[in-house]
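Take a look at the structure set out below.
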Amino acid sequence: MTTVRCLLAVAVKKGWDLFQLDVNNDFLHGDLQEDVYMQFPAGDDFTEMALLKVFLHSEFKIKDLGHAHFFLDLASPLEPSTKLRADVGDLLPDPTIYRRLLGKLNFLTHTCPDLSFAVQHLSQYMQTPRQPHLNASLHCLRYLLSNPGLGLFFRTNSSFKLSAFCDSDWSSCSENRRSVSGYFISLGGSPVS
């Protein structure tokens with residue numbers, strides 16, 4: 001997803017049109033058993049977008065959603081005061097509920113990079129999840145449901161300056177006294193990772 005966010009940042013800075021399509025197909029990401037070749041037709045009758053629409057429409061049911069205006073959600077799902085421990089709280093009677101929920105949250109980190117820290121932190125307790133761990137993961141869901149309209153802002157300035165920031169809190173993990181680090185990377189002021 002970092003590559004996708006970089007491409008979005010470049011498209012915004014260059015003023016390129018972004019289009020979105022909704023492709024209705026359950027097996028869109030299936031494995032192909034044969035080689036597929038495409039060739040652009042001669043002349044200026046087709047733009048790449050028009051060609052893509054024609055190809056997709058002939059193969060799949062698609063809906064043209066027009067210009068893309070929003071792409072990524074942004075949230076802060078884990079309360080800063082939350083201090084989880086591996087040995088505090090009642091063990092969950094069915095740990096698969098916690099593991100499935102974390103799997104779904106992990107999948108969401110592709111489009112909601114702000115979930116990454118919370119999911120990484122909660123994933124440390126997959127072996128023996130306890131009630132406080134489940135409560136914190138449910139808080140992530142409630143926060144996402146209550147803030148669906150937040151997002152990342154891509155600047156339109158012409159800068160392509162790559163900036164990276166890193167932070168470490170030096171031994172804050174109460175379990176093993178290791179440091180917990182975080183990072184932020186922007187391309188021309190637009191967050192990409």
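Chain lettering (A, B, ...) mirrors the order of the structure tokens, residue numbering begins at 1 for each chain separately, and ligand numbering begins at 1 in order of display.
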
With only C-alpha atoms as the counted atoms, please give the residues lying no more than 7 Å from segment 14-23 of chain A, apart from itself and same-chain residues fewer than 2 positions off, as a list in words.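 After dropping sequence-adjacent residues, the list is Val10, Ala11, Val12, Asn25, Phe60, Lys61, Ile62, Lys63, Asp64, Leu65, Gly66, His67 and Ala68 of chain A.
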
Now that the selection is made, can you save its residues with all heavy atoms as a short mmCIF file (atom, residue, chain, number, x, y, z; two decimals), in the first residue's frame?
data_model
loop_
_atom_site.label_atom_id
_atom_site.label_comp_id
_atom_site.auth_asym_id
_atom_site.auth_seq_id
_atom_site.Cartn_x
_atom_site.Cartn_y
_atom_site.Cartn_z
N VAL A 10 1.84 11.46 -6.06
CA VAL A 10 2.36 11.99 -7.33
C VAL A 10 1.21 12.46 -8.22
O VAL A 10 1.27 13.53 -8.82
CB VAL A 10 3.22 10.92 -8.06
CG1 VAL A 10 3.55 11.36 -9.47
CG2 VAL A 10 4.50 10.63 -7.27
N ALA A 11 0.13 11.68 -8.30
CA ALA A 11 -1.01 12.06 -9.14
C ALA A 11 -1.63 13.37 -8.66
O ALA A 11 -1.99 14.22 -9.48
CB ALA A 11 -2.06 10.95 -9.12
N VAL A 12 -1.74 13.56 -7.36
CA VAL A 12 -2.30 14.80 -6.83
C VAL A 12 -1.38 15.97 -7.15
O VAL A 12 -1.83 17.03 -7.59
CB VAL A 12 -2.54 14.68 -5.31
CG1 VAL A 12 -2.85 16.03 -4.69
CG2 VAL A 12 -3.69 13.71 -5.04
N ASN A 25 -16.88 -8.92 -8.86
CA ASN A 25 -16.48 -10.27 -9.22
C ASN A 25 -15.83 -10.91 -8.01
O ASN A 25 -14.88 -10.38 -7.45
CB ASN A 25 -15.50 -10.24 -10.40
CG ASN A 25 -15.28 -11.63 -10.95
OD1 ASN A 25 -14.95 -12.54 -10.21
ND2 ASN A 25 -15.46 -11.77 -12.23
N PHE A 60 -16.28 -8.31 -16.71
CA PHE A 60 -16.86 -8.27 -15.38
C PHE A 60 -17.96 -7.21 -15.33
O PHE A 60 -18.01 -6.31 -16.16
CB PHE A 60 -15.80 -7.88 -14.33
CG PHE A 60 -14.56 -8.70 -14.40
CD1 PHE A 60 -13.39 -8.15 -14.90
CD2 PHE A 60 -14.54 -10.00 -13.95
CE1 PHE A 60 -12.23 -8.89 -14.97
CE2 PHE A 60 -13.38 -10.75 -14.01
CZ PHE A 60 -12.22 -10.20 -14.53
N LYS A 61 -18.84 -7.33 -14.35
CA LYS A 61 -19.84 -6.29 -14.12
C LYS A 61 -19.15 -5.18 -13.34
O LYS A 61 -18.66 -5.40 -12.23
CB LYS A 61 -21.01 -6.86 -13.32
CG LYS A 61 -22.10 -5.85 -13.07
CD LYS A 61 -23.23 -6.46 -12.28
CE LYS A 61 -24.26 -5.40 -11.97
NZ LYS A 61 -25.29 -5.90 -11.08
N ILE A 62 -19.08 -3.98 -13.93
CA ILE A 62 -18.40 -2.87 -13.26
C ILE A 62 -19.32 -1.68 -13.13
O ILE A 62 -20.30 -1.55 -13.86
CB ILE A 62 -17.11 -2.43 -14.00
CG1 ILE A 62 -17.45 -1.83 -15.35
CG2 ILE A 62 -16.12 -3.55 -14.12
CD1 ILE A 62 -16.31 -1.07 -15.97
N LYS A 63 -18.98 -0.84 -12.19
CA LYS A 63 -19.70 0.41 -11.99
C LYS A 63 -18.68 1.53 -11.98
O LYS A 63 -17.72 1.50 -11.21
CB LYS A 63 -20.45 0.36 -10.66
CG LYS A 63 -21.27 1.60 -10.37
CD LYS A 63 -22.03 1.45 -9.06
CE LYS A 63 -22.85 2.68 -8.78
NZ LYS A 63 -23.53 2.57 -7.48
N ASP A 64 -18.85 2.50 -12.85
CA ASP A 64 -17.95 3.65 -12.93
C ASP A 64 -18.34 4.62 -11.82
O ASP A 64 -19.44 5.17 -11.81
CB ASP A 64 -18.06 4.32 -14.29
CG ASP A 64 -17.06 5.44 -14.48
OD1 ASP A 64 -16.32 5.75 -13.52
OD2 ASP A 64 -17.00 5.99 -15.59
N LEU A 65 -17.46 4.82 -10.85
CA LEU A 65 -17.72 5.70 -9.71
C LEU A 65 -17.21 7.11 -9.94
O LEU A 65 -17.27 7.95 -9.05
CB LEU A 65 -17.11 5.12 -8.44
CG LEU A 65 -17.63 3.73 -8.05
CD1 LEU A 65 -16.86 3.19 -6.86
CD2 LEU A 65 -19.11 3.77 -7.75
N GLY A 66 -16.67 7.38 -11.14
CA GLY A 66 -16.22 8.73 -11.47
C GLY A 66 -14.88 9.08 -10.86
O GLY A 66 -14.06 8.22 -10.56
N HIS A 67 -14.65 10.37 -10.69
CA HIS A 67 -13.39 10.85 -10.14
C HIS A 67 -13.23 10.40 -8.68
O HIS A 67 -14.19 10.42 -7.91
CB HIS A 67 -13.32 12.38 -10.19
CG HIS A 67 -13.01 12.91 -11.55
ND1 HIS A 67 -13.98 13.13 -12.49
CD2 HIS A 67 -11.82 13.24 -12.12
CE1 HIS A 67 -13.42 13.59 -13.59
NE2 HIS A 67 -12.11 13.66 -13.40
N ALA A 68 -12.01 10.00 -8.33
CA ALA A 68 -11.71 9.62 -6.95
C ALA A 68 -11.48 10.88 -6.12
O ALA A 68 -10.70 11.74 -6.51
CB ALA A 68 -10.48 8.72 -6.91
#

Give me the residues near Asp94 of chain A as a VMD selection string, where near means some atom within 12 Å (using only C-alpha atoms) and where sequence neighbours in that chain fewer than 4 positions away do not count. chain A and resid 90 98 to 100 126 to 131 134

Computed gap from atom CA of Gly189 of chain A to atom CA of Asn157 of chain A is 8.5 Å

List every residue of segment 77-129 of chain A that DSSP, applied to the backbone of this structure, assigns to helix (DSSP H, G or I), and report them as a list in words. Pro95, Thr96, Ile97, Tyr98, Arg99, Arg100, Leu101, Leu102, Gly103, Lys104, Leu105, Asn106, Phe107, Leu108, Pro113, Asp114, Leu115, Ser116, Phe117, Ala118, Val119, Gln120, His121, Leu122 and Ser123 of chain A

Pick out the residues sitting within 7 Å of His139 of chain A, and hand them over as a PyMOL selection string; count only C-alpha atoms, and ignore anything fewer than 4 positions along from it in its own chain. chain A and resi 77+135+143

With only C-alpha atoms as the basis for distance, which of A:Val192, A:Leu78, A:Leu138, A:Leu145 is at the shortest distance from Phe160 of chain A?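 Ranked by minimum distance to Phe160 of chain A, first place goes to A:Val192.
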
Between A:Ser137, A:Ser186, A:Ser158, A:Thr3, which is the closest to Ala118 of chain A once you count only C-alpha atoms? A:Ser137

Residues within 9 Å of Leu105 of chain A, only C-alpha atoms, excluding chain neighbours under 4 positions, as JSON, numbers by chain: {"A": [100, 101, 109, 115, 116, 119, 137, 140, 141]}
